[in-house]
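Report on the following structure.
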Amino acid sequence: MSADLVSVQGLSVGYSRRASLAVRDVSMSVAAGEFHGLVGESGSGKSTVARAILGMYARGGGIRGGRVLVDGDDLTRLPARRLRQLRGAKVGYIGQNPFGALHPVISIGDQFEMVRRSHRGVLGREAARSRAASLLEHVGIRDPELVLRGHVHQLSGGMAQRVVIALALYLEPRLIVADEPTTGLDVTVQRQILDLLTGQATRRGMGLLLVTHDLGVVAQYCENVTVLYGGRIMEAGPVRSVLVTPSHPYTEALVAAVPTRGQALRFTAASDHPVIDEGCPFRRRCPRSRPECVTRPPAVTIAAGWQANCHGIDKADMQCVS
Amino acid sequence: MSVAEVRADQTRLQSVRRGRISGSELKVAVGVTYLAVLLLAAFVAPLPHSPTATYPQAVLLPPSTSHWLGTDSVGTDVFSRAIKAAAVDLPLALAGTLAALLVGVPLGVSLSASGRWGERGMRLVDCFQALPLLILILALVALSNNQLWVIVVAVAIYGGPVYIRLVRSQVLSLREARFIEAAAAAGASPYRIMRRHLLPNVRDIVLAQTSLVAAGALLGIAALSFLGIGVQPPTPSWGSMISLGAPALVQGQWWPVVGPGAAIFSCIVAFNVVADGLRELGEDGAP
Amino acid sequence: MRLLEISAVAKAFRRGRVTVSAVDSVSLSLDAGETLGIIGESGSGKSTLGRLAVGLLVPDTGYVGFDGVDLASISRTELRRLRSDIQVVFQEPFESLDPKMRIIDIVQEPLNIHRRDMSAGERRRHAHETLDRVGLPDALRRNRPAQLSGGEQQRAGIARAIVTGPRLLLLDEPTSSLDLSLRAGILQLLLDLQRERNLAYLFVSHDMSTIEYVSDRVAVMYRGRIVEEGPAQEVVGAPMHPYTRLLMDARLPTDPRRRAATRPDLVPRRPAGDNFCVFYDGCPIAVPQCGTTEISLTRLGDQHSVACLLATGIDAGHSTAS
């Protein structure tokens, strides 16, 4: 556990005046050098978890239970100033929309400078500029000096996302949280961006939390995966286990939903609202639903590092997969 | 219930919950009820004193149990007169707003239809709004011998362009909406798209604006009658009451202006609360 | 006679002072009961082509014929009447439904327009039957669109499209904005409806696996041109055009045991003259002649056409360079 860069323990997050929690009892961790996929559909709470790792909550939101440890520091107890220093310096963040992440009227170079100044003492001024340029070069920008002088509106979506990645790498964080970094980009650009991101992270021994709804991204770039639905963890474990022989009915449905020519489509019931209460959020759509699913699903260990929260997994099934 | 309580912030979630009156609906209900009660009282309620009779022996009496808001410089009971004034000022404001609505909405819709003529029409509206409104109205009054319909026209002149701009900009942005394209793809005619899709979607914001125009109209009417235009004494009106009471204010006799002042203030707050509620209801989508 | 026949259509949009060509000399055709998939990245002109095909946009030049009727030759009123035969399902289910209307009224509206011969009661009943068919529960039909989930909204959108019994549907990325586990259900519904009603589908998407799954034939678009067209199995299984190959290679398999293809790299290049291949600016395998030759779609197999000098043989291209 001590090797974990970030450790989320029993995290629950709620938004004001809403009785139901956006995220319930989520535990997961990312070790140094680990590429971890956080998979879920819209409303599953995956972005909420990602932002909680930076100690950020949407308006009115806050932690309602559990804790988040980043490099051993409990974010819930950290004073605001320390929390700000931790963002960027220890945990870098890459969001979905690069144009929203970059300031529209401040030059790209000045935005690097702003990051440096808000983390005083981390870098010297002259070193900083050349470092920014070399980072831009690393993320595949051919003329970094030109880009540093320019503004975000002069860039394409792919280029802007490269700048955001370079900014996230700037302070050498130990962990990068990337929330849907390639959604909205063309497939050909998506590959380049993901290759760059994971290439840089590997080179620097960083941990990577890749939040996505795209199973292909997780399958090809991550070692471990956590599957969220309705704010709860459905299944978590090595990608090669979870996506190949899923044990939770929800993960099964997710994997089977990818259309493959020559195979019949498999899908669940039309109602697509998760049930938000103590029980399993998937039970209304679940083909293996049973009466006890209204109670909290037990965490079943299928193999070392591979768990599923489900009433429907019994010993017989486990022998099948192992 | 106080205005502050009514204005207490309500979450969207609560207002869409079924089977309960939401905060937004409550705002509309409270505002409308207040205005309706005031109007009704002005017409039918038994007032403690005559709102028009003058008593030279009882001028500028301070508030007491018989004269709740005192009497003015000609001895008329301020409370009775302030209530009675609603019978003139409110219908005038509403009639003017209605006139502005009837002129502004069709014009706004038609100016949104075609690009070049729409732009030219809007420049015309700009020119019109650039005219000094007060002088325009004074000229109208001079020409018309101080009749009440002039006030209605004045309000329409003030409110019409507001509606034209609002409706045009709303319709222009809605035209780009995907559901309008979907309606066209389903074979809907331009008239049907206007009637079934565009107008219902601008309705809420127009209603909210109507309440604000009415508030502005009320204030304008009061200002005009303060200047002696429009409603003439002895017919009670809030503006002329304030005008009449103003000289006494300097001598510390505050009560002749407090009655009509409070009436104007409360009506404008009521209109704004209604507008606020209507706007929120519109944002929530489902009624 | 083909149900839909498009030949040499072009459409350009004015953006300020410059004119941007969105679709350029595109021809295609579609039979009843058939699905033609149109795939391309953002800005490829695939959505514009779809709208041209169903008469929502008028082409600058070229012919669009539906069931032998030249769409340019008929009046606006006749075109509107034709819309009961040609309908559209949009990408954004929520934005395409009027927020002020109830679901049942939205679905009934096309009947109110086209089937004045039916009584109001009959139209209502028919709208309900259509909603039964798409699997939207009775309890949701008096709701407004905002109260439905994405999958339910898209079912309503499909019901509206099929309620008049059309023969051709434009499906403009109908599953792109839906969560993965819901896509399969919507796709299956579309496939079932096609079989039941012998519908022709023009299926526009950027997602290769979806296109591959639903299409009989596939057209690949790049910069307003079709660069390859043919039976889905051939285009996806053995792509001839370098751009199609690039799209295929950019896919990320969702099975972690399968490795993604080596990332294809675009080779930036600038054409010398006015005549050049549309893909010359990025093609990994282009030869100098590609930059000097206008290349058109050339039939290779029975039904397979490619617009590439190297695939069709260099001698097949007619060099215009002096």
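By convention here, the chains of the structure tokens are called A, B, ... in the order presented, each chain's residues are numbered starting at 1, and ligands are numbered starting at 1 in the order presented.
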
Problem set entry | Spatial neighbours of region 48-61 of chain A, max dist 8 Å, only C-alpha atoms, sep filter under 4 positions, as a PyMOL selection string | chain A and resi 6+8+13-16+22-23+68+70+75-76+83+86-87+91+177+179+209+211

With C-alpha atoms kept, could you save the residues just selected as a PDB file, in the first residue's frame?
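What follows is the written file selection-v5.pdb:
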ATOM      1  CA  VAL A   6      -3.019   7.673  -4.773  1.00  0.00           C
ATOM      2  CA  VAL A   8      -9.024   6.238  -2.534  1.00  0.00           C
ATOM      3  CA  VAL A  13     -19.217  12.236  -2.737  1.00  0.00           C
ATOM      4  CA  GLY A  14     -22.504  14.099  -2.659  1.00  0.00           C
ATOM      5  CA  TYR A  15     -23.878  17.313  -4.062  1.00  0.00           C
ATOM      6  CA  SER A  16     -25.780  19.766  -1.938  1.00  0.00           C
ATOM      7  CA  ALA A  22     -22.938  10.754  -6.804  1.00  0.00           C
ATOM      8  CA  VAL A  23     -20.264   8.304  -5.711  1.00  0.00           C
ATOM      9  CA  VAL A  68      -8.308  10.244  -0.499  1.00  0.00           C
ATOM     10  CA  VAL A  70      -2.181  11.268  -2.346  1.00  0.00           C
ATOM     11  CA  LEU A  75      -6.604  15.416   1.109  1.00  0.00           C
ATOM     12  CA  THR A  76      -9.528  15.925   3.496  1.00  0.00           C
ATOM     13  CA  LEU A  83      -3.852  21.324  -1.581  1.00  0.00           C
ATOM     14  CA  LEU A  86      -0.267  19.391  -4.593  1.00  0.00           C
ATOM     15  CA  ARG A  87      -2.293  19.980  -7.730  1.00  0.00           C
ATOM     16  CA  VAL A  91      -1.002  15.292  -9.581  1.00  0.00           C
ATOM     17  CA  VAL A 177      -5.272  12.147 -14.082  1.00  0.00           C
ATOM     18  CA  ASP A 179     -10.397  12.607 -17.863  1.00  0.00           C
ATOM     19  CA  LEU A 209      -5.375   7.348 -14.202  1.00  0.00           C
ATOM     20  CA  VAL A 211     -10.880   8.057 -17.177  1.00  0.00           C
TER      21      VAL A 211
END

Problem set entry | Distance-based interface of chain A with chain C, 10 Å, counting only C-alpha atoms, as a ChimeraX atom specification | /A:40-43,184-192,195,213-223,239-244,250-273

For this session: DSSP on the backbone, then: every residue of region 120-191 of chain C marked strand (DSSP E or B), written as a PyMOL selection string.
Result: chain C and resi 168-172

For this session: Considering only C-alpha atoms, return as a ChimeraX atom specification whatever protein or nucleic-acid residues lie within 10 Å of region 255-257 of chain B, sequence-local ones (same chain, fewer than 6 positions apart) excluded.
Result: /B:60-63,68-73,76-79,82,238-249

Exercise. Which value, in Å to one decimal, gives the distance between CA of Asp277 (chain A) and CA of Gly231 (chain A)?
Worked result: 10.2 Å

Taking only residues of chain C that have an atom at most 10 Å from an atom of chain B, what is each one's shortest atom pair and its distance in Å to one decimal, using only C-alpha atoms, in chain and number order, as a tab-separated table?
residue	atom	partner	partner_atom	distance
C:Arg51	CA	B:Ala185	CA	9.5
C:Val54	CA	B:Ala185	CA	8.4
C:Gly55	CA	B:Ala185	CA	8.6
C:Leu56	CA	B:Ala185	CA	6.7
C:Arg76	CA	B:Ser189	CA	9.2
C:Thr77	CA	B:Ser189	CA	8.1
C:Glu78	CA	B:Gly187	CA	9.8
C:Leu79	CA	B:Gly187	CA	8.0
C:Arg80	CA	B:Gly187	CA	4.6
C:Arg81	CA	B:Gly187	CA	6.6
C:Leu82	CA	B:Gly187	CA	7.8
C:Arg83	CA	B:Gly187	CA	5.2
C:Ser84	CA	B:Ala186	CA	7.0
C:Asp85	CA	B:Ala186	CA	9.6
C:Ile86	CA	B:Ala185	CA	8.2
C:Gln87	CA	B:Ala186	CA	6.3
C:Val88	CA	B:Ala185	CA	6.5
C:Val89	CA	B:Ala182	CA	8.2
C:Phe90	CA	B:Ala182	CA	7.8
C:Gln91	CA	B:Arg178	CA	9.5
C:Glu92	CA	B:Arg178	CA	8.0
C:Pro93	CA	B:Phe179	CA	9.1
C:Phe94	CA	B:Phe179	CA	8.5
C:Glu95	CA	B:Arg178	CA	5.4
C:Ser96	CA	B:Phe179	CA	3.8
C:Leu97	CA	B:Phe179	CA	5.1
C:Asp98	CA	B:Phe179	CA	5.5
C:Pro99	CA	B:Gly285	CA	6.5
C:Lys100	CA	B:Gly285	CA	6.5
C:Met101	CA	B:His197	CA	8.6
C:Arg102	CA	B:Ala286	CA	9.2
C:Ile106	CA	B:Ala183	CA	9.3
C:Glu109	CA	B:Ala186	CA	8.2
C:Pro110	CA	B:Ala186	CA	5.7
C:Leu111	CA	B:Ala186	CA	9.3
C:Asn112	CA	B:Ala188	CA	9.4
C:Ile113	CA	B:Ala188	CA	6.5
C:His114	CA	B:Gly187	CA	7.8
C:Asn143	CA	B:Ala286	CA	8.3
C:Arg144	CA	B:Ala286	CA	6.5
C:Pro145	CA	B:Ala286	CA	9.0
C:Ala146	CA	B:Gly285	CA	7.5
C:Gln147	CA	B:Ala286	CA	8.5
C:Gly157	CA	B:Ala182	CA	9.3
C:Arg160	CA	B:Ala186	CA	8.2
C:Ala161	CA	B:Ala186	CA	7.5
C:Thr164	CA	B:Ala186	CA	9.2

Using the selection just defined, write its residues with N, CA and C atoms as a short mmCIF file (atom, residue, chain, number, x, y, z; two decimals), in the first residue's frame.
data_model
loop_
_atom_site.label_atom_id
_atom_site.label_comp_id
_atom_site.auth_asym_id
_atom_site.auth_seq_id
_atom_site.Cartn_x
_atom_site.Cartn_y
_atom_site.Cartn_z
N ARG C 51 -27.52 15.19 -45.45
CA ARG C 51 -28.59 16.17 -45.57
C ARG C 51 -28.93 16.47 -47.03
N VAL C 54 -31.25 13.69 -48.38
CA VAL C 54 -32.66 13.67 -47.99
C VAL C 54 -33.34 15.00 -48.26
N GLY C 55 -32.68 15.90 -48.97
CA GLY C 55 -33.31 17.15 -49.37
C GLY C 55 -33.39 18.20 -48.28
N LEU C 56 -32.66 18.01 -47.18
CA LEU C 56 -32.62 19.05 -46.15
C LEU C 56 -31.70 20.18 -46.58
N ARG C 76 -41.61 23.21 -53.16
CA ARG C 76 -41.37 23.04 -51.72
C ARG C 76 -42.48 22.23 -51.07
N THR C 77 -43.71 22.49 -51.49
CA THR C 77 -44.84 21.77 -50.92
C THR C 77 -44.75 20.29 -51.25
N GLU C 78 -44.40 20.00 -52.51
CA GLU C 78 -44.27 18.59 -52.89
C GLU C 78 -43.12 17.92 -52.14
N LEU C 79 -42.05 18.68 -51.94
CA LEU C 79 -40.90 18.15 -51.20
C LEU C 79 -41.31 17.82 -49.77
N ARG C 80 -42.14 18.73 -49.17
CA ARG C 80 -42.61 18.46 -47.81
C ARG C 80 -43.47 17.21 -47.78
N ARG C 81 -44.27 17.02 -48.84
CA ARG C 81 -45.13 15.85 -48.88
C ARG C 81 -44.27 14.57 -48.96
N LEU C 82 -43.15 14.72 -49.66
CA LEU C 82 -42.26 13.57 -49.84
C LEU C 82 -41.61 13.15 -48.52
N ARG C 83 -41.65 14.04 -47.54
CA ARG C 83 -40.97 13.75 -46.28
C ARG C 83 -41.62 12.63 -45.49
N SER C 84 -42.83 12.25 -45.83
CA SER C 84 -43.38 11.09 -45.14
C SER C 84 -42.67 9.82 -45.61
N ASP C 85 -41.97 9.91 -46.75
CA ASP C 85 -41.21 8.77 -47.25
C ASP C 85 -39.74 8.81 -46.84
N ILE C 86 -39.26 10.01 -46.52
CA ILE C 86 -37.85 10.18 -46.17
C ILE C 86 -37.79 10.81 -44.79
N GLN C 87 -37.23 10.15 -43.83
CA GLN C 87 -37.16 10.72 -42.49
C GLN C 87 -35.74 10.67 -41.96
N VAL C 88 -35.54 11.36 -40.82
CA VAL C 88 -34.18 11.51 -40.29
C VAL C 88 -34.16 11.16 -38.80
N VAL C 89 -33.12 10.46 -38.37
CA VAL C 89 -32.84 10.29 -36.94
C VAL C 89 -31.53 11.01 -36.67
N PHE C 90 -31.56 11.91 -35.69
CA PHE C 90 -30.41 12.77 -35.46
C PHE C 90 -29.47 12.23 -34.39
N GLN C 91 -28.27 12.82 -34.41
CA GLN C 91 -27.24 12.38 -33.47
C GLN C 91 -27.61 12.73 -32.03
N GLU C 92 -28.10 13.96 -31.83
CA GLU C 92 -28.34 14.41 -30.47
C GLU C 92 -29.82 14.20 -30.17
N PRO C 93 -30.17 13.10 -29.49
CA PRO C 93 -31.61 12.83 -29.31
C PRO C 93 -32.31 13.94 -28.55
N PHE C 94 -31.63 14.51 -27.54
CA PHE C 94 -32.31 15.52 -26.73
C PHE C 94 -32.54 16.80 -27.52
N GLU C 95 -31.51 17.27 -28.21
CA GLU C 95 -31.65 18.53 -28.94
C GLU C 95 -32.64 18.43 -30.10
N SER C 96 -32.87 17.21 -30.57
CA SER C 96 -33.75 17.09 -31.73
C SER C 96 -35.22 16.94 -31.33
N LEU C 97 -35.50 16.95 -30.04
CA LEU C 97 -36.89 16.87 -29.59
C LEU C 97 -37.30 18.21 -28.98
N ASP C 98 -38.45 18.73 -29.38
CA ASP C 98 -38.92 20.02 -28.87
C ASP C 98 -39.11 19.94 -27.35
N PRO C 99 -38.37 20.78 -26.59
CA PRO C 99 -38.41 20.66 -25.13
C PRO C 99 -39.79 20.95 -24.54
N LYS C 100 -40.64 21.66 -25.28
CA LYS C 100 -41.94 22.04 -24.72
C LYS C 100 -43.02 21.00 -25.00
N MET C 101 -42.71 20.01 -25.82
CA MET C 101 -43.76 19.07 -26.21
C MET C 101 -43.63 17.75 -25.46
N ARG C 102 -44.77 17.08 -25.33
CA ARG C 102 -44.76 15.75 -24.72
C ARG C 102 -44.30 14.75 -25.77
N ILE C 106 -44.82 14.66 -29.86
CA ILE C 106 -43.69 14.72 -30.79
C ILE C 106 -43.78 13.59 -31.82
N GLU C 109 -46.66 14.15 -34.30
CA GLU C 109 -46.62 15.32 -35.19
C GLU C 109 -46.50 14.99 -36.68
N PRO C 110 -45.59 14.09 -37.09
CA PRO C 110 -45.52 13.78 -38.52
C PRO C 110 -46.85 13.27 -39.07
N LEU C 111 -47.62 12.56 -38.24
CA LEU C 111 -48.93 12.10 -38.69
C LEU C 111 -49.88 13.27 -38.87
N ASN C 112 -49.78 14.24 -37.94
CA ASN C 112 -50.63 15.43 -38.06
C ASN C 112 -50.32 16.18 -39.35
N ILE C 113 -49.07 16.09 -39.80
CA ILE C 113 -48.68 16.79 -41.03
C ILE C 113 -49.11 16.00 -42.26
N HIS C 114 -48.83 14.70 -42.24
CA HIS C 114 -48.97 13.92 -43.48
C HIS C 114 -50.24 13.10 -43.57
N ASN C 143 -44.39 12.50 -20.73
CA ASN C 143 -43.31 13.33 -20.21
C ASN C 143 -42.72 14.20 -21.31
N ARG C 144 -41.96 15.19 -20.87
CA ARG C 144 -41.21 16.00 -21.84
C ARG C 144 -39.82 15.37 -22.00
N PRO C 145 -39.15 15.73 -23.11
CA PRO C 145 -37.88 15.07 -23.41
C PRO C 145 -36.86 15.13 -22.27
N ALA C 146 -36.83 16.25 -21.54
CA ALA C 146 -35.80 16.41 -20.50
C ALA C 146 -35.94 15.37 -19.40
N GLN C 147 -37.14 14.78 -19.27
CA GLN C 147 -37.34 13.82 -18.19
C GLN C 147 -36.95 12.40 -18.60
N GLY C 157 -37.02 9.47 -30.79
CA GLY C 157 -36.58 10.02 -32.07
C GLY C 157 -36.79 9.04 -33.20
N ARG C 160 -40.57 8.80 -34.00
CA ARG C 160 -41.00 9.92 -34.83
C ARG C 160 -40.61 9.68 -36.29
N ALA C 161 -39.42 9.11 -36.49
CA ALA C 161 -38.93 8.93 -37.86
C ALA C 161 -39.72 7.85 -38.61
N THR C 164 -44.60 7.63 -39.95
CA THR C 164 -45.33 7.81 -41.19
C THR C 164 -45.07 6.68 -42.19
#

For this session: Tell me which protein, DNA and RNA residues are within 10 Å of Leu94 (chain B), counting only C-alpha atoms, leaving out same-chain ones fewer than 4 positions away, and put them as number ranges by chain.
Result: B: 89-90, 98-100, 152, 155, 210-211, 213-215, 217-218

For this session: Would you work out the distance separating CA of Gly224 (chain C) from CA of Pro166 (chain C), expressed in Å to one decimal?
Result: 27.5 Å

Exercise. How many Å lie between CA of Ile229 (chain B) and CA of Trp149 (chain B), rounded to one decimal?
Worked result: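 Straight-line distance from CA of Ile229 (chain B) to CA of Trp149 (chain B) works out to 11.8 Å.
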
Problem set entry | helix (DSSP H, G or I) call set, DSSP backbone run, region 52-255 of chain B, as a PyMOL selection string | chain B and resi 56-58+78-111+115-130+133-144+148-175+178-185+190-226+238-250+255

For this session: Name the residues in contact with Leu172 (chain B) at a cut-off of 12 Å, using only C-alpha atoms, excluding same-chain residues fewer than 5 positions from it; report them as a ChimeraX atom specification.
Result: /B:108-115,118-119,164-167,177,180,194,198-199,201-202

Problem set entry | Among listed residues B:Asp126, B:Val30, B:Leu35, B:Thr52, nearest Phe265 (chain B) (using only C-alpha atoms) |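 Residue with the minimum atom-to-atom distance to Phe265 (chain B): B:Leu35.
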